[in-house]
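> Contents are PDB, C-alpha atoms; file name input_36.pdb:
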```
ATOM      1  CA  MET A  54      -2.655  13.595  19.213  1.00  0.00           C
ATOM      2  CA  ILE A  55      -1.724  17.018  17.898  1.00  0.00           C
ATOM      3  CA  GLN A  56      -0.349  17.975  14.495  1.00  0.00           C
ATOM      4  CA  ILE A  57       2.211  20.738  14.109  1.00  0.00           C
ATOM      5  CA  SER A  58       4.189  22.353  11.303  1.00  0.00           C
ATOM      6  CA  LYS A  59       7.717  21.118  10.565  1.00  0.00           C
ATOM      7  CA  ASP A  60       8.804  24.757  11.048  1.00  0.00           C
ATOM      8  CA  SER A  61       7.706  24.596  14.696  1.00  0.00           C
ATOM      9  CA  THR A  62      11.089  23.318  15.866  1.00  0.00           C
ATOM     10  CA  SER A  63      10.718  24.807  19.345  1.00  0.00           C
ATOM     11  CA  GLN A  64       7.489  22.859  19.859  1.00  0.00           C
ATOM     12  CA  ILE A  65       9.081  19.666  18.513  1.00  0.00           C
ATOM     13  CA  ILE A  66      11.979  20.088  20.933  1.00  0.00           C
ATOM     14  CA  LYS A  67       9.631  20.786  23.842  1.00  0.00           C
ATOM     15  CA  SER A  68       7.523  17.726  23.012  1.00  0.00           C
ATOM     16  CA  LEU A  69      10.541  15.419  22.869  1.00  0.00           C
ATOM     17  CA  LYS A  70      12.040  16.780  26.083  1.00  0.00           C
ATOM     18  CA  SER A  71       8.715  16.331  27.881  1.00  0.00           C
ATOM     19  CA  GLY A  72       8.602  12.601  27.120  1.00  0.00           C
ATOM     20  CA  GLN A  73       6.296  12.544  24.121  1.00  0.00           C
ATOM     21  CA  VAL A  74       6.513  10.361  21.018  1.00  0.00           C
ATOM     22  CA  VAL A  75       6.913  12.569  17.950  1.00  0.00           C
ATOM     23  CA  ALA A  76       6.291  11.374  14.391  1.00  0.00           C
ATOM     24  CA  LEU A  77       8.468  13.354  12.024  1.00  0.00           C
ATOM     25  CA  PRO A  78       9.752  13.171   8.450  1.00  0.00           C
ATOM     26  CA  THR A  79      13.262  12.046   7.586  1.00  0.00           C
ATOM     27  CA  GLU A  80      14.888  11.802   4.174  1.00  0.00           C
ATOM     28  CA  THR A  81      13.672   8.203   3.983  1.00  0.00           C
ATOM     29  CA  VAL A  82      10.337   7.423   5.676  1.00  0.00           C
ATOM     30  CA  PHE A  83       8.435   8.981   8.575  1.00  0.00           C
ATOM     31  CA  GLY A  84       9.952   8.107  11.924  1.00  0.00           C
ATOM     32  CA  LEU A  85       8.847   7.930  15.535  1.00  0.00           C
ATOM     33  CA  ALA A  86      11.336   9.759  17.746  1.00  0.00           C
ATOM     34  CA  ILE A  87      11.753   9.948  21.509  1.00  0.00           C
ATOM     35  CA  ALA A  88      14.358  11.374  23.860  1.00  0.00           C
ATOM     36  CA  LEU A  89      16.961   8.719  24.680  1.00  0.00           C
ATOM     37  CA  ASN A  90      16.602   9.001  28.443  1.00  0.00           C
ATOM     38  CA  SER A  91      12.819   9.219  28.733  1.00  0.00           C
ATOM     39  CA  ALA A  92      11.500   6.002  30.297  1.00  0.00           C
ATOM     40  CA  THR A  93       7.910   7.185  29.813  1.00  0.00           C
ATOM     41  CA  ALA A  94       8.425   7.807  26.102  1.00  0.00           C
ATOM     42  CA  LEU A  95      10.160   4.443  25.683  1.00  0.00           C
ATOM     43  CA  GLU A  96       7.160   2.634  27.146  1.00  0.00           C
ATOM     44  CA  LYS A  97       4.879   4.496  24.733  1.00  0.00           C
ATOM     45  CA  LEU A  98       7.134   3.710  21.777  1.00  0.00           C
ATOM     46  CA  ILE A  99       7.251  -0.012  22.570  1.00  0.00           C
ATOM     47  CA  TYR A 100       3.455   0.018  22.844  1.00  0.00           C
ATOM     48  CA  LEU A 101       2.942   1.888  19.571  1.00  0.00           C
ATOM     49  CA  LYS A 102       5.336  -0.394  17.676  1.00  0.00           C
ATOM     50  CA  ARG A 103       3.989  -3.552  19.330  1.00  0.00           C
ATOM     51  CA  ARG A 104       7.627  -4.351  19.950  1.00  0.00           C
ATOM     52  CA  ASP A 105       8.855  -7.224  22.108  1.00  0.00           C
ATOM     53  CA  LEU A 106      12.384  -7.132  23.530  1.00  0.00           C
ATOM     54  CA  LYS A 107      12.666 -10.823  22.673  1.00  0.00           C
ATOM     55  CA  SER A 108      12.151 -10.039  18.979  1.00  0.00           C
ATOM     56  CA  GLY A 109      15.791  -8.989  18.675  1.00  0.00           C
ATOM     57  CA  LYS A 110      14.821  -5.858  16.761  1.00  0.00           C
ATOM     58  CA  ILE A 111      16.466  -2.759  18.187  1.00  0.00           C
ATOM     59  CA  PHE A 112      15.347   0.846  18.030  1.00  0.00           C
ATOM     60  CA  THR A 113      17.932   3.027  16.301  1.00  0.00           C
ATOM     61  CA  LEU A 114      19.936   5.520  18.317  1.00  0.00           C
ATOM     62  CA  VAL A 115      20.492   8.956  16.765  1.00  0.00           C
ATOM     63  CA  PRO A 116      23.576  10.691  18.220  1.00  0.00           C
ATOM     64  CA  ILE A 117      23.908  14.467  18.167  1.00  0.00           C
ATOM     65  CA  ASP A 118      26.629  14.179  15.519  1.00  0.00           C
ATOM     66  CA  LYS A 119      28.819  11.489  14.000  1.00  0.00           C
ATOM     67  CA  ALA A 120      31.680  12.275  16.350  1.00  0.00           C
ATOM     68  CA  ASP A 121      29.511  10.782  19.107  1.00  0.00           C
ATOM     69  CA  PHE A 122      29.200   7.349  17.475  1.00  0.00           C
ATOM     70  CA  SER A 123      32.102   6.093  19.593  1.00  0.00           C
ATOM     71  CA  THR A 124      30.178   6.941  22.774  1.00  0.00           C
ATOM     72  CA  TYR A 125      27.664   4.213  21.967  1.00  0.00           C
ATOM     73  CA  ALA A 126      29.522   1.729  19.759  1.00  0.00           C
ATOM     74  CA  VAL A 127      32.888   0.105  19.163  1.00  0.00           C
ATOM     75  CA  ILE A 128      34.285   1.869  16.096  1.00  0.00           C
ATOM     76  CA  THR A 129      36.468  -0.373  13.960  1.00  0.00           C
ATOM     77  CA  LYS A 130      38.489   0.680  10.932  1.00  0.00           C
ATOM     78  CA  LEU A 131      35.663  -0.559   8.697  1.00  0.00           C
ATOM     79  CA  ALA A 132      33.101   1.407  10.713  1.00  0.00           C
ATOM     80  CA  ARG A 133      35.195   4.580  10.424  1.00  0.00           C
ATOM     81  CA  GLU A 134      35.225   4.172   6.651  1.00  0.00           C
ATOM     82  CA  TYR A 135      31.442   3.826   6.492  1.00  0.00           C
ATOM     83  CA  ILE A 136      30.856   6.711   8.890  1.00  0.00           C
ATOM     84  CA  GLY A 137      33.200   8.934   6.903  1.00  0.00           C
ATOM     85  CA  LYS A 138      31.572   8.076   3.580  1.00  0.00           C
ATOM     86  CA  TYR A 139      27.865   7.711   4.364  1.00  0.00           C
ATOM     87  CA  VAL A 140      27.085   9.602   7.607  1.00  0.00           C
ATOM     88  CA  PRO A 141      24.963  11.673   7.853  1.00  0.00           C
ATOM     89  CA  GLY A 142      22.661   9.983   5.400  1.00  0.00           C
ATOM     90  CA  GLU A 143      20.222   7.209   4.594  1.00  0.00           C
ATOM     91  CA  ILE A 144      22.123   4.486   6.429  1.00  0.00           C
ATOM     92  CA  THR A 145      21.845   2.643   9.738  1.00  0.00           C
ATOM     93  CA  LEU A 146      25.011   0.963  10.978  1.00  0.00           C
ATOM     94  CA  ILE A 147      24.809  -2.106  13.205  1.00  0.00           C
ATOM     95  CA  LEU A 148      27.855  -2.157  15.481  1.00  0.00           C
ATOM     96  CA  HIS A 149      29.040  -3.803  18.684  1.00  0.00           C
ATOM     97  CA  LYS A 150      27.779  -1.754  21.618  1.00  0.00           C
ATOM     98  CA  ASN A 151      30.384   0.167  23.576  1.00  0.00           C
ATOM     99  CA  PRO A 152      30.679  -1.823  26.850  1.00  0.00           C
ATOM    100  CA  GLU A 153      30.947   1.459  28.758  1.00  0.00           C
ATOM    101  CA  PHE A 154      27.554   2.644  27.468  1.00  0.00           C
ATOM    102  CA  HIS A 155      24.716   1.618  29.750  1.00  0.00           C
ATOM    103  CA  HIS A 156      21.028   2.249  29.222  1.00  0.00           C
ATOM    104  CA  PRO A 157      17.941   0.363  30.525  1.00  0.00           C
ATOM    105  CA  TYR A 158      16.904  -0.487  26.954  1.00  0.00           C
ATOM    106  CA  PHE A 159      20.247  -1.105  25.249  1.00  0.00           C
ATOM    107  CA  ASP A 160      21.602  -3.185  28.137  1.00  0.00           C
ATOM    108  CA  HIS A 161      19.420  -5.977  26.722  1.00  0.00           C
ATOM    109  CA  PHE A 162      21.556  -6.077  23.574  1.00  0.00           C
ATOM    110  CA  SER A 163      25.202  -6.592  22.617  1.00  0.00           C
ATOM    111  CA  THR A 164      24.842  -4.633  19.372  1.00  0.00           C
ATOM    112  CA  ILE A 165      23.435  -1.220  18.578  1.00  0.00           C
ATOM    113  CA  GLY A 166      22.047   0.501  15.487  1.00  0.00           C
ATOM    114  CA  LEU A 167      23.215   4.061  14.842  1.00  0.00           C
ATOM    115  CA  ARG A 168      21.877   6.521  12.294  1.00  0.00           C
ATOM    116  CA  LEU A 169      22.215  10.243  11.735  1.00  0.00           C
ATOM    117  CA  PRO A 170      19.619  11.516   9.239  1.00  0.00           C
ATOM    118  CA  LYS A 171      20.778  14.089   6.709  1.00  0.00           C
ATOM    119  CA  SER A 172      17.924  16.419   7.473  1.00  0.00           C
ATOM    120  CA  PRO A 173      17.799  20.108   8.424  1.00  0.00           C
ATOM    121  CA  LEU A 174      15.076  19.267  10.934  1.00  0.00           C
ATOM    122  CA  PHE A 175      17.343  16.873  12.832  1.00  0.00           C
ATOM    123  CA  SER A 176      20.311  19.228  12.687  1.00  0.00           C
ATOM    124  CA  HIS A 177      18.124  21.878  14.346  1.00  0.00           C
ATOM    125  CA  ILE A 178      16.598  19.739  17.091  1.00  0.00           C
ATOM    126  CA  LEU A 179      19.427  17.368  18.122  1.00  0.00           C
ATOM    127  CA  PRO A 180      21.631  20.012  19.800  1.00  0.00           C
ATOM    128  CA  GLU A 181      18.629  20.888  21.993  1.00  0.00           C
ATOM    129  CA  THR A 182      17.121  17.460  22.659  1.00  0.00           C
ATOM    130  CA  GLY A 183      20.293  15.407  22.886  1.00  0.00           C
ATOM    131  CA  PRO A 184      20.393  11.890  21.374  1.00  0.00           C
ATOM    132  CA  LEU A 185      17.143  10.311  20.270  1.00  0.00           C
ATOM    133  CA  LEU A 186      15.702   6.882  19.655  1.00  0.00           C
ATOM    134  CA  LEU A 187      14.202   6.522  16.195  1.00  0.00           C
ATOM    135  CA  THR A 188      12.145   3.890  14.423  1.00  0.00           C
ATOM    136  CA  SER A 189       9.909   3.852  11.356  1.00  0.00           C
ATOM    137  CA  ALA A 190       6.387   5.189  11.881  1.00  0.00           C
ATOM    138  CA  ASN A 191       4.276   2.070  11.564  1.00  0.00           C
ATOM    139  CA  PRO A 192       2.911  -0.689  13.768  1.00  0.00           C
ATOM    140  CA  ARG A 193       4.784  -3.989  13.537  1.00  0.00           C
ATOM    141  CA  GLY A 194       4.200  -5.681  10.194  1.00  0.00           C
ATOM    142  CA  ASP A 195       2.742  -2.605   8.467  1.00  0.00           C
ATOM    143  CA  LYS A 196       4.323  -0.543   5.706  1.00  0.00           C
ATOM    144  CA  PRO A 197       6.271   2.518   6.962  1.00  0.00           C
ATOM    145  CA  ALA A 198       4.393   5.802   6.586  1.00  0.00           C
ATOM    146  CA  ILE A 199       5.716   8.472   4.218  1.00  0.00           C
ATOM    147  CA  SER A 200       3.321  11.261   5.175  1.00  0.00           C
ATOM    148  CA  SER A 201       1.735  12.734   8.281  1.00  0.00           C
ATOM    149  CA  LYS A 202      -1.650  11.650   6.930  1.00  0.00           C
ATOM    150  CA  GLU A 203      -0.556   8.014   6.848  1.00  0.00           C
ATOM    151  CA  VAL A 204       0.839   8.288  10.377  1.00  0.00           C
ATOM    152  CA  ALA A 205      -2.458   9.680  11.684  1.00  0.00           C
ATOM    153  CA  GLU A 206      -4.324   6.787  10.097  1.00  0.00           C
ATOM    154  CA  SER A 207      -2.048   3.973  11.289  1.00  0.00           C
ATOM    155  CA  LEU A 208      -0.926   5.401  14.661  1.00  0.00           C
ATOM    156  CA  PRO A 209      -3.779   7.536  16.037  1.00  0.00           C
ATOM    157  CA  LYS A 210      -2.367   7.319  19.584  1.00  0.00           C
ATOM    158  CA  VAL A 211       0.978   8.948  18.768  1.00  0.00           C
ATOM    159  CA  ASP A 212       1.446  12.139  20.808  1.00  0.00           C
ATOM    160  CA  VAL A 213       2.649  14.596  18.145  1.00  0.00           C
ATOM    161  CA  ILE A 214       2.753  14.440  14.344  1.00  0.00           C
ATOM    162  CA  VAL A 215       4.869  16.858  12.328  1.00  0.00           C
ATOM    163  CA  GLU A 216       2.906  17.709   9.185  1.00  0.00           C
ATOM    164  CA  GLY A 217       4.240  16.968   5.731  1.00  0.00           C
ATOM    165  CA  GLU A 218       5.802  14.185   3.697  1.00  0.00           C
ATOM    166  CA  THR A 219       9.217  12.586   3.570  1.00  0.00           C
ATOM    167  CA  THR A 220      11.796  14.589   1.682  1.00  0.00           C
ATOM    168  CA  LYS A 221      12.975  11.913  -0.716  1.00  0.00           C
ATOM    169  CA  GLY A 222      12.208   8.230  -1.013  1.00  0.00           C
ATOM    170  CA  LYS A 223       9.636   5.712   0.100  1.00  0.00           C
ATOM    171  CA  LEU A 224      12.073   3.161   1.512  1.00  0.00           C
ATOM    172  CA  PRO A 225      13.597   3.025   5.009  1.00  0.00           C
ATOM    173  CA  SER A 226      17.315   3.532   5.503  1.00  0.00           C
ATOM    174  CA  THR A 227      19.787   0.961   4.237  1.00  0.00           C
ATOM    175  CA  VAL A 228      20.911  -1.191   7.163  1.00  0.00           C
ATOM    176  CA  VAL A 229      24.478  -2.508   7.180  1.00  0.00           C
ATOM    177  CA  ASP A 230      25.832  -4.910   9.787  1.00  0.00           C
ATOM    178  CA  LEU A 231      29.473  -4.113  10.541  1.00  0.00           C
ATOM    179  CA  THR A 232      29.921  -6.473  13.477  1.00  0.00           C
ATOM    180  CA  GLU A 233      31.922  -8.973  11.397  1.00  0.00           C
ATOM    181  CA  LYS A 234      34.993  -8.572   9.185  1.00  0.00           C
ATOM    182  CA  LYS A 235      32.810  -8.235   6.095  1.00  0.00           C
ATOM    183  CA  PRO A 236      29.826  -5.840   5.933  1.00  0.00           C
ATOM    184  CA  ILE A 237      26.424  -7.465   5.523  1.00  0.00           C
ATOM    185  CA  ILE A 238      23.503  -5.573   4.004  1.00  0.00           C
ATOM    186  CA  ILE A 239      20.539  -6.388   6.236  1.00  0.00           C
ATOM    187  CA  ARG A 240      18.052  -4.123   4.464  1.00  0.00           C
ATOM    188  CA  GLN A 241      18.426  -2.369   1.134  1.00  0.00           C
ATOM    189  CA  GLY A 242      16.964   1.131   1.014  1.00  0.00           C
ATOM    190  CA  ASP A 243      17.299   3.844  -1.613  1.00  0.00           C
ATOM    191  CA  LEU A 244      20.965   4.251  -0.690  1.00  0.00           C
ATOM    192  CA  LYS A 245      22.906   1.640  -2.630  1.00  0.00           C
ATOM    193  CA  ILE A 246      25.967   0.271  -0.849  1.00  0.00           C
ATOM    194  CA  PRO A 247      28.484  -1.704  -2.931  1.00  0.00           C
ATOM    195  CA  ARG A 248      28.496  -5.325  -1.791  1.00  0.00           C
ATOM    196  CA  PHE A 249      31.721  -6.530  -0.254  1.00  0.00           C
ATOM    197  CA  LYS A 250      33.864  -8.493  -2.686  1.00  0.00           C
ATOM    198  CA  SER A 251      35.949 -11.249  -1.127  1.00  0.00           C
TER     199      SER A 251
END
```
Let me see whether you can do it: turn the structure in this file into structure tokens.


Amino acid sequence: MIQISKDSTSQIIKSLKSGQVVALPTETVFGLAIALNSATALEKLIYLKRRDLKSGKIFTLVPIDKADFSTYAVITKLAREYIGKYVPGEITLILHKNPEFHHPYFDHFSTIGLRLPKSPLFSHILPETGPLLLTSANPRGDKPAISSKEVAESLPKVDVIVEGETTKGKLPSTVVDLTEKKPIIIRQGDLKIPRFKS
């Protein structure tokens, strides 16, 4: 494990592109990020999170920008409204996976979670790394870390930790399921989404 400054964007990019798991701050909690197409990094991430494919929990995909959401998911009228209003930001959208998108991990699922953090760090690294997989920086069942110190304590085997603390809250992103006609709030974060009124 190495710790680097959040200003070391070139090193963060290099680490991600080389198949390492990088713990980095978002505007919500600390996340674990890997390059989308790195099989080696995916194996490490599943190990660190103690994640089982049968659990049904899916790592979040971070596109380069919100225009790319349609590459990975079926974008309905409702989804377009949420993307236009809340993305980038503290929200993860659960959508039907685009049937034309194939990936060794996501082929296990019919839905996909998409999020684009509103963070200068992500806006700097995404054009260089391409899409990422992102999940909260904590082993399964533990509280998500909000600082590099907490990550080092709970995940000592992570490859790279970006020093610092989260830029805003202590809660993960708000998760909204848009696979049905009415949106369903799966997890409430700091971002408050008005509940659908029938």

> Run through the PyMOL selection byres ((chain A and resi 190) around 6) on the given coordinates and return the selected residues as an mmCIF file with C-alpha atoms, in the coordinates of the input.


```cif
data_model
loop_
_atom_site.group_PDB
_atom_site.id
_atom_site.type_symbol
_atom_site.label_atom_id
_atom_site.label_comp_id
_atom_site.auth_asym_id
_atom_site.auth_seq_id
_atom_site.Cartn_x
_atom_site.Cartn_y
_atom_site.Cartn_z
ATOM 1 C CA PHE A 83 8.435 8.981 8.575
ATOM 2 C CA GLY A 84 9.952 8.107 11.924
ATOM 3 C CA LEU A 85 8.847 7.930 15.535
ATOM 4 C CA SER A 189 9.909 3.852 11.356
ATOM 5 C CA ASN A 191 4.276 2.070 11.564
ATOM 6 C CA PRO A 197 6.271 2.518 6.962
ATOM 7 C CA ALA A 198 4.393 5.802 6.586
#
```

> Leaving out Pro184 in chain A and any residue of its chain fewer than 3 positions from it, which residues lie within 12 Å of it when counting all atoms listed in the file, given as number ranges by chain?

A: 66, 69-70, 86-91, 113-119, 121-122, 124-125, 167-169, 175-176, 178-181, 187

> Translate the PyMOL selection byres ((chain A and resi 217) around 9), as applied to the file shown, into an explicit residue set as a count of residues only.

13

> Calculated over all atoms listed in the file, which of the candidates A:Lys223, A:Pro170, A:Leu131, A:Lys102 has the smallest distance to Leu185 in chain A?

A:Pro170

> I'd like to know which of A:Pro152, A:Pro192, A:Pro209, A:Gly72 is closest to Ile55 in chain A, using only C-alpha atoms.

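Of A:Pro152, A:Pro192, A:Pro209, A:Gly72, the one nearest Ile55 in chain A is A:Pro209, counting only C-alpha atoms.
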
> Which polymer residues have any atom within 12 Å of an atom of Tyr139 in chain A, counting all atoms listed in the file, with same-chain residues fewer than 2 positions away left out, as a PyMOL selection string?

chain A and resi 119+132-137+141-146+168-171+226-229+244-247

> Could you tell me how far CA of Ser61 in chain A lies from CA of Leu174 in chain A, in Å and to one decimal?

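CA of Leu174 in chain A lies at a distance of 9.8 Å from CA of Ser61 in chain A.
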
> Counting only C-alpha atoms, figure out which residue out of A:Leu208, A:Leu224, A:Ile111, A:Val140 gets nearest to Glu80 in chain A.

A:Leu224
